[in-house]
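Dropping query_4.cif in here (mmCIF, C-alpha atoms):
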```cif
data_upload
#
loop_
_atom_site.label_atom_id
_atom_site.label_comp_id
_atom_site.auth_asym_id
_atom_site.auth_seq_id
_atom_site.Cartn_x
_atom_site.Cartn_y
_atom_site.Cartn_z
CA MET A 54 8.97 0.36 21.43
CA TRP A 55 6.10 1.85 19.54
CA TYR A 56 2.84 3.54 20.33
CA TYR A 57 0.04 2.64 17.98
CA GLU A 58 -2.40 5.20 16.71
CA LYS A 59 -5.54 3.52 15.46
CA LYS A 60 -5.87 5.36 12.19
CA LEU A 61 -4.21 5.35 8.81
CA GLN A 62 -1.47 7.86 8.01
CA TYR A 63 -3.53 9.01 5.02
CA PRO A 64 -7.10 8.04 4.12
CA VAL A 65 -7.53 5.05 1.81
CA ARG A 66 -10.60 5.03 -0.38
CA VAL A 67 -11.28 2.65 -3.20
CA SER A 68 -14.14 3.54 -5.51
CA LYS A 69 -13.87 0.98 -8.28
CA CYS A 70 -14.41 -2.77 -8.00
CA ASP A 71 -11.15 -3.81 -9.65
CA VAL A 72 -9.97 -7.08 -8.10
CA GLN A 73 -7.04 -7.35 -10.46
CA MET A 74 -5.63 -4.11 -9.03
CA ALA A 75 -5.34 -5.89 -5.66
CA LYS A 76 -2.96 -8.35 -7.29
CA PHE A 77 -0.81 -5.53 -8.66
CA LEU A 78 -0.83 -3.61 -5.37
CA THR A 79 0.60 -6.68 -3.65
CA GLU A 80 3.92 -5.72 -5.24
CA GLN A 81 4.18 -2.93 -2.66
CA TYR A 82 3.10 -5.27 0.14
CA GLY A 83 5.53 -8.16 -0.17
CA GLY A 84 7.65 -7.24 -3.19
CA ALA A 85 11.37 -6.51 -3.35
CA ASP A 86 10.88 -2.73 -3.25
CA GLY A 87 7.75 -2.88 -1.13
CA GLU A 88 6.93 -1.30 2.20
CA LEU A 89 7.75 -4.41 4.25
CA ALA A 90 11.23 -4.66 2.76
CA ALA A 91 11.72 -0.93 3.35
CA ALA A 92 10.61 -1.02 6.98
CA LEU A 93 12.75 -4.05 7.84
CA ARG A 94 15.76 -2.67 5.99
CA TYR A 95 15.77 0.69 7.78
CA LEU A 96 14.79 -0.52 11.23
CA ASN A 97 17.53 -3.15 11.05
CA GLN A 98 20.20 -0.69 9.89
CA ARG A 99 19.59 1.58 12.89
CA TYR A 100 21.97 -0.37 15.12
CA THR A 101 25.11 -0.06 13.07
CA VAL A 102 25.10 3.46 11.64
CA PRO A 103 26.66 6.62 13.14
CA ASP A 104 24.53 8.18 15.89
CA LYS A 105 23.67 11.23 13.82
CA ILE A 106 21.50 9.31 11.38
CA ILE A 107 19.88 6.68 13.61
CA GLY A 108 16.86 8.92 14.12
CA VAL A 109 16.21 9.25 10.38
CA LEU A 110 16.26 5.47 9.93
CA ASN A 111 14.01 5.06 12.95
CA ASP A 112 11.46 7.59 11.74
CA ILE A 113 11.39 6.46 8.13
CA GLY A 114 11.34 2.75 9.06
CA THR A 115 8.38 3.44 11.30
CA GLU A 116 6.58 5.41 8.61
CA GLU A 117 7.05 2.52 6.19
CA LEU A 118 4.98 0.36 8.56
CA ALA A 119 2.23 2.96 8.32
CA HIS A 120 2.45 2.71 4.54
CA LEU A 121 2.30 -1.08 4.75
CA GLU A 122 -0.99 -0.69 6.57
CA MET A 123 -2.35 1.56 3.83
CA ILE A 124 -1.45 -0.96 1.12
CA ALA A 125 -3.00 -3.76 3.18
CA THR A 126 -6.19 -1.70 3.47
CA MET A 127 -6.32 -1.21 -0.29
CA VAL A 128 -5.82 -4.91 -1.01
CA TYR A 129 -8.39 -5.87 1.60
CA LYS A 130 -11.00 -3.45 0.27
CA LEU A 131 -10.50 -4.67 -3.28
CA THR A 132 -10.78 -8.37 -2.40
CA LYS A 133 -13.15 -8.63 0.57
CA ASP A 134 -16.31 -8.88 -1.55
CA ALA A 135 -14.85 -10.93 -4.37
CA THR A 136 -16.12 -14.44 -5.04
CA PRO A 137 -13.67 -17.25 -5.83
CA ASP A 138 -14.73 -16.80 -9.43
CA ASP A 139 -13.94 -13.08 -9.35
CA LEU A 140 -10.53 -13.87 -7.88
CA LYS A 141 -9.89 -16.44 -10.59
CA LYS A 142 -10.73 -13.93 -13.29
CA ALA A 143 -8.41 -11.39 -11.67
CA GLY A 144 -5.48 -13.80 -11.74
CA LEU A 145 -5.75 -14.52 -8.02
CA GLY A 146 -6.99 -18.11 -8.31
CA ALA A 147 -3.67 -19.52 -7.14
CA HIS A 148 -3.66 -17.10 -4.22
CA TYR A 149 -7.17 -18.18 -3.24
CA ALA A 150 -6.26 -21.85 -3.42
CA ASN A 151 -3.51 -21.32 -0.86
CA HIS A 152 -4.69 -18.39 1.29
CA ASP A 153 -8.40 -17.80 0.75
CA LYS A 154 -8.61 -14.01 1.04
CA ALA A 155 -5.89 -13.69 3.64
CA LEU A 156 -3.22 -11.16 2.77
CA TYR A 157 0.15 -12.73 2.20
CA PHE A 158 3.61 -11.19 1.86
CA GLU A 159 4.27 -11.92 -1.77
CA ASN A 160 4.96 -9.85 -4.86
CA ALA A 161 2.48 -9.23 -7.69
CA GLY A 162 3.67 -12.44 -9.35
CA GLY A 163 2.95 -14.48 -6.22
CA VAL A 164 6.58 -14.99 -5.17
CA PRO A 165 6.80 -15.09 -1.35
CA PHE A 166 8.72 -12.39 0.51
CA THR A 167 12.35 -13.06 1.33
CA ALA A 168 14.99 -11.29 3.45
CA THR A 169 17.29 -11.41 0.44
CA TYR A 170 15.33 -8.46 -0.99
CA PHE A 171 17.48 -6.14 1.10
CA THR A 172 20.83 -6.18 2.78
CA ALA A 173 22.79 -4.73 5.67
CA LYS A 174 26.34 -4.13 4.60
CA GLY A 175 27.49 -2.40 7.75
CA ASP A 176 29.12 0.35 5.72
CA PRO A 177 27.03 3.49 6.31
CA ILE A 178 27.56 4.95 2.83
CA ALA A 179 26.83 1.66 1.09
CA ASP A 180 23.71 1.14 3.19
CA LEU A 181 22.44 4.69 2.62
CA TYR A 182 22.98 4.41 -1.13
CA GLU A 183 20.89 1.24 -1.06
CA ASP A 184 18.23 3.11 0.89
CA ILE A 185 18.15 5.95 -1.64
CA ALA A 186 17.87 3.44 -4.50
CA ALA A 187 15.09 1.63 -2.62
CA GLU A 188 13.10 4.85 -2.29
CA GLU A 189 13.47 5.64 -6.00
CA LYS A 190 12.43 2.09 -6.90
CA ALA A 191 9.37 2.29 -4.66
CA ARG A 192 8.55 5.68 -6.20
CA SER A 193 8.63 4.07 -9.65
CA THR A 194 6.45 1.17 -8.52
CA TYR A 195 3.85 3.69 -7.38
CA GLN A 196 4.04 5.37 -10.77
CA TRP A 197 3.49 2.10 -12.60
CA LEU A 198 0.58 1.29 -10.27
CA ILE A 199 -0.99 4.71 -10.87
CA ASN A 200 -0.58 4.14 -14.62
CA MET A 201 -2.65 0.96 -14.35
CA THR A 202 -5.77 2.35 -12.70
CA ASP A 203 -8.33 5.07 -13.33
CA ASP A 204 -9.78 4.93 -9.82
CA THR A 205 -9.26 8.54 -8.71
CA ASP A 206 -9.60 7.73 -5.00
CA LEU A 207 -7.00 5.00 -5.23
CA ILE A 208 -4.76 7.28 -7.29
CA ASP A 209 -5.06 9.91 -4.55
CA SER A 210 -3.70 7.54 -1.89
CA LEU A 211 -1.01 6.17 -4.20
CA THR A 212 0.08 9.69 -5.08
CA PHE A 213 0.51 10.45 -1.39
CA LEU A 214 2.65 7.34 -0.94
CA ARG A 215 4.73 8.26 -3.98
CA GLU A 216 5.38 11.72 -2.57
CA ARG A 217 6.56 10.19 0.71
CA GLU A 218 9.16 8.18 -1.23
CA ILE A 219 10.47 11.45 -2.62
CA ILE A 220 10.76 12.95 0.87
CA HIS A 221 12.48 9.85 2.20
CA SER A 222 14.93 9.91 -0.65
CA GLN A 223 15.68 13.55 0.18
CA ARG A 224 16.32 12.65 3.82
CA PHE A 225 18.67 9.78 2.96
CA LEU A 226 20.52 12.05 0.55
CA GLU A 227 20.93 14.49 3.45
CA CYS A 228 22.19 11.65 5.68
CA VAL A 229 24.97 11.06 3.17
CA GLU A 230 25.83 14.75 3.32
CA ILE A 231 25.89 14.64 7.13
CA LEU A 232 28.28 11.70 7.08
CA LYS A 233 30.50 13.44 4.56
CA GLU A 234 30.74 16.22 7.13
CA GLU A 235 31.57 18.83 4.55
CA ARG A 236 28.35 20.76 4.94
CA ASP A 237 28.72 24.40 6.01
CA ARG A 238 32.45 23.94 6.25
CA LYS A 239 34.55 26.43 4.38
CA LYS A 240 36.18 24.44 1.67
CA ILE A 241 39.70 25.30 0.62
CA PHE A 242 41.19 23.06 -1.99
CA MET B 99 12.62 25.71 -11.67
CA ASN B 100 13.41 22.16 -12.70
CA THR B 101 10.89 20.10 -14.63
CA PHE B 102 9.50 16.92 -13.04
CA ARG B 103 9.38 14.97 -16.27
CA LYS B 104 11.89 14.61 -19.06
CA THR B 105 11.16 13.22 -22.49
CA TYR B 106 13.24 11.76 -25.27
CA LYS B 107 12.68 10.41 -28.73
CA PRO B 108 13.95 6.86 -29.04
CA PHE B 109 15.22 5.33 -32.26
CA ILE B 110 12.43 3.76 -34.27
CA GLY B 111 13.49 0.85 -36.43
CA PRO B 112 11.93 0.33 -39.86
CA PHE B 113 11.07 -3.31 -39.13
CA ASP B 114 9.60 -3.07 -35.63
CA PRO B 115 6.39 -5.10 -35.21
CA CYS B 116 4.32 -2.68 -33.09
CA PRO B 117 3.25 0.90 -33.78
CA PRO B 118 6.06 3.05 -32.34
CA MET B 119 5.88 5.14 -29.19
CA LYS B 120 7.55 8.21 -30.57
CA VAL B 121 8.20 9.94 -27.26
CA LYS B 122 9.18 8.29 -23.99
CA SER B 123 9.41 9.91 -20.59
CA TYR B 124 10.87 9.53 -17.13
CA GLU B 125 10.42 11.39 -13.86
CA THR B 126 12.96 13.73 -12.26
CA PRO B 127 11.48 14.72 -8.87
CA PRO B 128 12.80 17.68 -6.86
CA GLN B 129 14.99 15.84 -4.35
CA LEU B 130 17.42 15.20 -7.19
CA TYR B 131 18.19 18.91 -7.31
CA MET B 132 17.85 20.16 -3.75
CA GLY B 133 20.99 18.94 -2.00
CA PHE B 134 20.74 19.69 1.71
CA GLN B 135 17.30 21.17 2.36
CA PRO B 136 17.72 24.91 3.03
CA TYR B 137 16.55 26.34 6.35
CA ASN B 138 13.17 28.13 6.50
CA LEU B 139 11.76 26.79 3.25
CA PRO B 140 8.21 28.10 2.77
CA GLN B 141 5.56 25.64 3.95
CA PHE B 142 2.02 24.91 2.84
CA PRO B 143 -0.46 27.26 4.58
CA ASN B 144 -2.06 24.59 6.80
CA LEU B 145 -1.77 20.95 7.81
CA GLN B 146 -4.72 19.80 5.70
CA THR B 147 -3.09 21.12 2.55
CA ALA B 148 0.26 19.67 3.56
CA LEU B 149 -1.28 16.23 4.21
CA LYS B 150 -3.02 16.35 0.86
CA HIS B 151 0.32 17.00 -0.84
CA GLY B 152 2.22 14.46 1.25
CA THR B 153 4.83 17.03 2.33
CA LEU B 154 5.14 20.24 4.31
CA TRP B 155 7.14 22.01 1.61
CA PRO B 156 5.89 22.99 -1.85
CA ALA B 157 9.51 22.87 -3.03
CA LEU B 158 9.55 19.10 -2.45
CA PHE B 159 6.13 18.40 -3.92
CA ALA B 160 6.15 16.58 -7.25
CA PRO B 161 2.81 16.05 -8.96
CA TYR B 162 2.44 12.86 -10.95
CA GLU B 163 0.08 12.00 -13.75
CA ASN B 164 -0.15 8.91 -15.89
CA PRO B 165 1.96 9.81 -18.94
CA TYR B 166 0.01 7.33 -21.10
CA ARG B 167 -3.21 9.26 -20.70
CA LYS B 168 -4.33 11.75 -23.32
CA GLY B 169 -2.45 10.05 -26.11
CA GLY B 170 0.93 9.42 -24.56
CA ALA B 171 3.78 11.30 -22.95
#
```
Would you kindly transcribe this structure into structure tokens?
Amino acid sequence: MWYYEKKLQYPVRVSKCDVQMAKFLTEQYGGADGELAAALRYLNQRYTVPDKIIGVLNDIGTEELAHLEMIATMVYKLTKDATPDDLKKAGLGAHYANHDKALYFENAGGVPFTATYFTAKGDPIADLYEDIAAEEKARSTYQWLINMTDDTDLIDSLTFLREREIIHSQRFLECVEILKEERDRKKIF
Amino acid sequence: MNTFRKTYKPFIGPFDPCPPMKVKSYETPPQLYMGFQPYNLPQFPNLQTALKHGTLWPALFAPYENPYRKGGA
């Protein structure tokens, strides 16, 4: 189970009225390499990996949910005061027609979220390598998002999220090392 | 210390339609080089600073700036 703390992991401020950025940020909300896919992937893998690395998947999967909340906050702040006309101009007319301003798990192109974005192979090495790749892909998405805005407050939050991807990648790389069980062992070949 | 960004000069064809980007770049953050994180790595002086950086350890902090700003990579 989880305990909920009613605050964001890192502050989210948006200082520029840029509705189109909300559309782009949606990639990290319901996209293939987004926070939802990450959280579900790791939390699901917990059951079938060696005991030593369950905790890492648990912690990182949980943190991804905190990141999901941050992205949702950004999207909400950028769209809450937009008129239907503003949304149309920002390329969100189709979204408005279907969802009003409700957030929806879709990618930046409007494709709905699907479980096929991630897998669970059952082989710990294969699954961890997917996790590492997922972190690097999410890191790149944050870079491309940062490259598309000049809102320094938004960039600040996105930079934090990007750094977390780096740390998660480091932890998954360490998980692989743990499973290889060669660490600290005197190697004689 | 490793650099966080690498650059390369791609081939530029004589008949390409758009003005060329002469230098391209990609990111190489620190986890690529660290292996298993060593014990007792120095930490940021306080939690506020650590939160701001998104990590407890300066050795794992990778700054990022838009490479297209200030006239490209």
Please identify every residue of chain A that has at least one atom no farther than 10 Å from an atom of chain B, counting all atoms listed in the file, and for each give the shortest atom pair and the distance in Å to one decimal, arranged by chain then increasing number, as a Markdown table.
```
| residue | atom | partner | partner_atom | distance |
| --- | --- | --- | --- | --- |
| A:Gln62 | CA | B:Leu149 | CA | 9.2 |
| A:Tyr63 | CA | B:Leu149 | CA | 7.6 |
| A:Pro64 | CA | B:Lys150 | CA | 9.8 |
| A:Glu189 | CA | B:Pro127 | CA | 9.7 |
| A:Arg192 | CA | B:Glu125 | CA | 9.7 |
| A:Ser193 | CA | B:Glu125 | CA | 8.6 |
| A:Tyr195 | CA | B:Tyr162 | CA | 9.9 |
| A:Gln196 | CA | B:Asn164 | CA | 7.5 |
| A:Trp197 | CA | B:Asn164 | CA | 8.4 |
| A:Leu198 | CA | B:Asn164 | CA | 9.5 |
| A:Ile199 | CA | B:Asn164 | CA | 6.6 |
| A:Asn200 | CA | B:Asn164 | CA | 5.0 |
| A:Met201 | CA | B:Asn164 | CA | 8.5 |
| A:Thr202 | CA | B:Asn164 | CA | 9.2 |
| A:Asp203 | CA | B:Asn164 | CA | 9.4 |
| A:Ile208 | CA | B:Glu163 | CA | 9.4 |
| A:Asp209 | CA | B:Lys150 | CA | 8.7 |
| A:Ser210 | CA | B:Lys150 | CA | 9.3 |
| A:Thr212 | CA | B:Tyr162 | CA | 7.1 |
| A:Phe213 | CA | B:Gly152 | CA | 5.1 |
| A:Leu214 | CA | B:Gly152 | CA | 7.5 |
| A:Arg215 | CA | B:Gly152 | CA | 8.5 |
| A:Glu216 | CA | B:Gly152 | CA | 5.7 |
| A:Arg217 | CA | B:Gly152 | CA | 6.1 |
| A:Glu218 | CA | B:Gly152 | CA | 9.7 |
| A:Ile219 | CA | B:Gln129 | CA | 6.5 |
| A:Ile220 | CA | B:Leu158 | CA | 7.1 |
| A:His221 | CA | B:Gln129 | CA | 9.2 |
| A:Ser222 | CA | B:Gln129 | CA | 7.0 |
| A:Gln223 | CA | B:Gln129 | CA | 5.1 |
| A:Arg224 | CA | B:Phe134 | CA | 8.6 |
| A:Leu226 | CA | B:Gly133 | CA | 7.4 |
| A:Glu227 | CA | B:Phe134 | CA | 5.5 |
| A:Cys228 | CA | B:Phe134 | CA | 9.1 |
| A:Val229 | CA | B:Phe134 | CA | 9.7 |
| A:Glu230 | CA | B:Phe134 | CA | 7.3 |
| A:Ile231 | CA | B:Phe134 | CA | 9.0 |
| A:Arg236 | CA | B:Phe134 | CA | 8.3 |
```
Write a file of the just-selected residues containing C-alpha atoms, as a PDB file, in the coordinates of the input.
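Writing done, so here's result_20.pdb:
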```pdb
ATOM      1  CA  GLN A  62      -1.470   7.860   8.010  1.00  0.00           C
ATOM      2  CA  TYR A  63      -3.530   9.010   5.020  1.00  0.00           C
ATOM      3  CA  PRO A  64      -7.100   8.040   4.120  1.00  0.00           C
ATOM      4  CA  GLU A 189      13.470   5.640  -6.000  1.00  0.00           C
ATOM      5  CA  ARG A 192       8.550   5.680  -6.200  1.00  0.00           C
ATOM      6  CA  SER A 193       8.630   4.070  -9.650  1.00  0.00           C
ATOM      7  CA  TYR A 195       3.850   3.690  -7.380  1.00  0.00           C
ATOM      8  CA  GLN A 196       4.040   5.370 -10.770  1.00  0.00           C
ATOM      9  CA  TRP A 197       3.490   2.100 -12.600  1.00  0.00           C
ATOM     10  CA  LEU A 198       0.580   1.290 -10.270  1.00  0.00           C
ATOM     11  CA  ILE A 199      -0.990   4.710 -10.870  1.00  0.00           C
ATOM     12  CA  ASN A 200      -0.580   4.140 -14.620  1.00  0.00           C
ATOM     13  CA  MET A 201      -2.650   0.960 -14.350  1.00  0.00           C
ATOM     14  CA  THR A 202      -5.770   2.350 -12.700  1.00  0.00           C
ATOM     15  CA  ASP A 203      -8.330   5.070 -13.330  1.00  0.00           C
ATOM     16  CA  ILE A 208      -4.760   7.280  -7.290  1.00  0.00           C
ATOM     17  CA  ASP A 209      -5.060   9.910  -4.550  1.00  0.00           C
ATOM     18  CA  SER A 210      -3.700   7.540  -1.890  1.00  0.00           C
ATOM     19  CA  THR A 212       0.080   9.690  -5.080  1.00  0.00           C
ATOM     20  CA  PHE A 213       0.510  10.450  -1.390  1.00  0.00           C
ATOM     21  CA  LEU A 214       2.650   7.340  -0.940  1.00  0.00           C
ATOM     22  CA  ARG A 215       4.730   8.260  -3.980  1.00  0.00           C
ATOM     23  CA  GLU A 216       5.380  11.720  -2.570  1.00  0.00           C
ATOM     24  CA  ARG A 217       6.560  10.190   0.710  1.00  0.00           C
ATOM     25  CA  GLU A 218       9.160   8.180  -1.230  1.00  0.00           C
ATOM     26  CA  ILE A 219      10.470  11.450  -2.620  1.00  0.00           C
ATOM     27  CA  ILE A 220      10.760  12.950   0.870  1.00  0.00           C
ATOM     28  CA  HIS A 221      12.480   9.850   2.200  1.00  0.00           C
ATOM     29  CA  SER A 222      14.930   9.910  -0.650  1.00  0.00           C
ATOM     30  CA  GLN A 223      15.680  13.550   0.180  1.00  0.00           C
ATOM     31  CA  ARG A 224      16.320  12.650   3.820  1.00  0.00           C
ATOM     32  CA  LEU A 226      20.520  12.050   0.550  1.00  0.00           C
ATOM     33  CA  GLU A 227      20.930  14.490   3.450  1.00  0.00           C
ATOM     34  CA  CYS A 228      22.190  11.650   5.680  1.00  0.00           C
ATOM     35  CA  VAL A 229      24.970  11.060   3.170  1.00  0.00           C
ATOM     36  CA  GLU A 230      25.830  14.750   3.320  1.00  0.00           C
ATOM     37  CA  ILE A 231      25.890  14.640   7.130  1.00  0.00           C
ATOM     38  CA  ARG A 236      28.350  20.760   4.940  1.00  0.00           C
TER      39      ARG A 236
END
```
Spatial neighbours of segment 81-97 of chain A, max dist 8 Å, all atoms listed in the file, sep filter under 6 positions, as a ChimeraX atom specification
/A:110-111,113-118,120-121,124-125,157-161,165-166,168,170-173,184,187-188,190-191,194
Output check: residues returned by the PyMOL selection byres ((chain A and resi 140) around 12), as a compact mmCIF listing (two decimals) with C-alpha atoms, keeping the file's coordinate frame:
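Produced file part36.txt, reproduced below:
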```txt
# COMPACT_ATOMS: atom_id res chain seq x y z
CA CYS A 70 -14.41 -2.77 -8.00
CA ASP A 71 -11.15 -3.81 -9.65
CA VAL A 72 -9.97 -7.08 -8.10
CA GLN A 73 -7.04 -7.35 -10.46
CA MET A 74 -5.63 -4.11 -9.03
CA ALA A 75 -5.34 -5.89 -5.66
CA LYS A 76 -2.96 -8.35 -7.29
CA LEU A 131 -10.50 -4.67 -3.28
CA THR A 132 -10.78 -8.37 -2.40
CA LYS A 133 -13.15 -8.63 0.57
CA ASP A 134 -16.31 -8.88 -1.55
CA ALA A 135 -14.85 -10.93 -4.37
CA THR A 136 -16.12 -14.44 -5.04
CA PRO A 137 -13.67 -17.25 -5.83
CA ASP A 138 -14.73 -16.80 -9.43
CA ASP A 139 -13.94 -13.08 -9.35
CA LYS A 141 -9.89 -16.44 -10.59
CA LYS A 142 -10.73 -13.93 -13.29
CA ALA A 143 -8.41 -11.39 -11.67
CA GLY A 144 -5.48 -13.80 -11.74
CA LEU A 145 -5.75 -14.52 -8.02
CA GLY A 146 -6.99 -18.11 -8.31
CA ALA A 147 -3.67 -19.52 -7.14
CA HIS A 148 -3.66 -17.10 -4.22
CA TYR A 149 -7.17 -18.18 -3.24
CA ALA A 150 -6.26 -21.85 -3.42
CA HIS A 152 -4.69 -18.39 1.29
CA ASP A 153 -8.40 -17.80 0.75
CA LYS A 154 -8.61 -14.01 1.04
```
Would you compute the distance between atom CA of Phe77 of chain A and atom CA of Tyr129 of chain A? Give it in Å to one decimal.
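Computed distance, atom CA of Phe77 of chain A to atom CA of Tyr129 of chain A, equals 12.8 Å.
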Taking the file above as input, evaluate the PyMOL selection byres ((chain B and resi 105) around 10) and report the hits as a list in words.
Arg103, Lys104, Tyr106, Lys107, Pro108, Val121, Lys122, Ser123, Tyr124, Glu125 and Ala171 of chain B
Atomic distance atom CA of Ala179 of chain A - atom CA of Asp112 of chain A, expressed in Å with one decimal
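Atom-to-atom, atom CA of Ala179 of chain A to atom CA of Asp112 of chain A, that is 19.6 Å.
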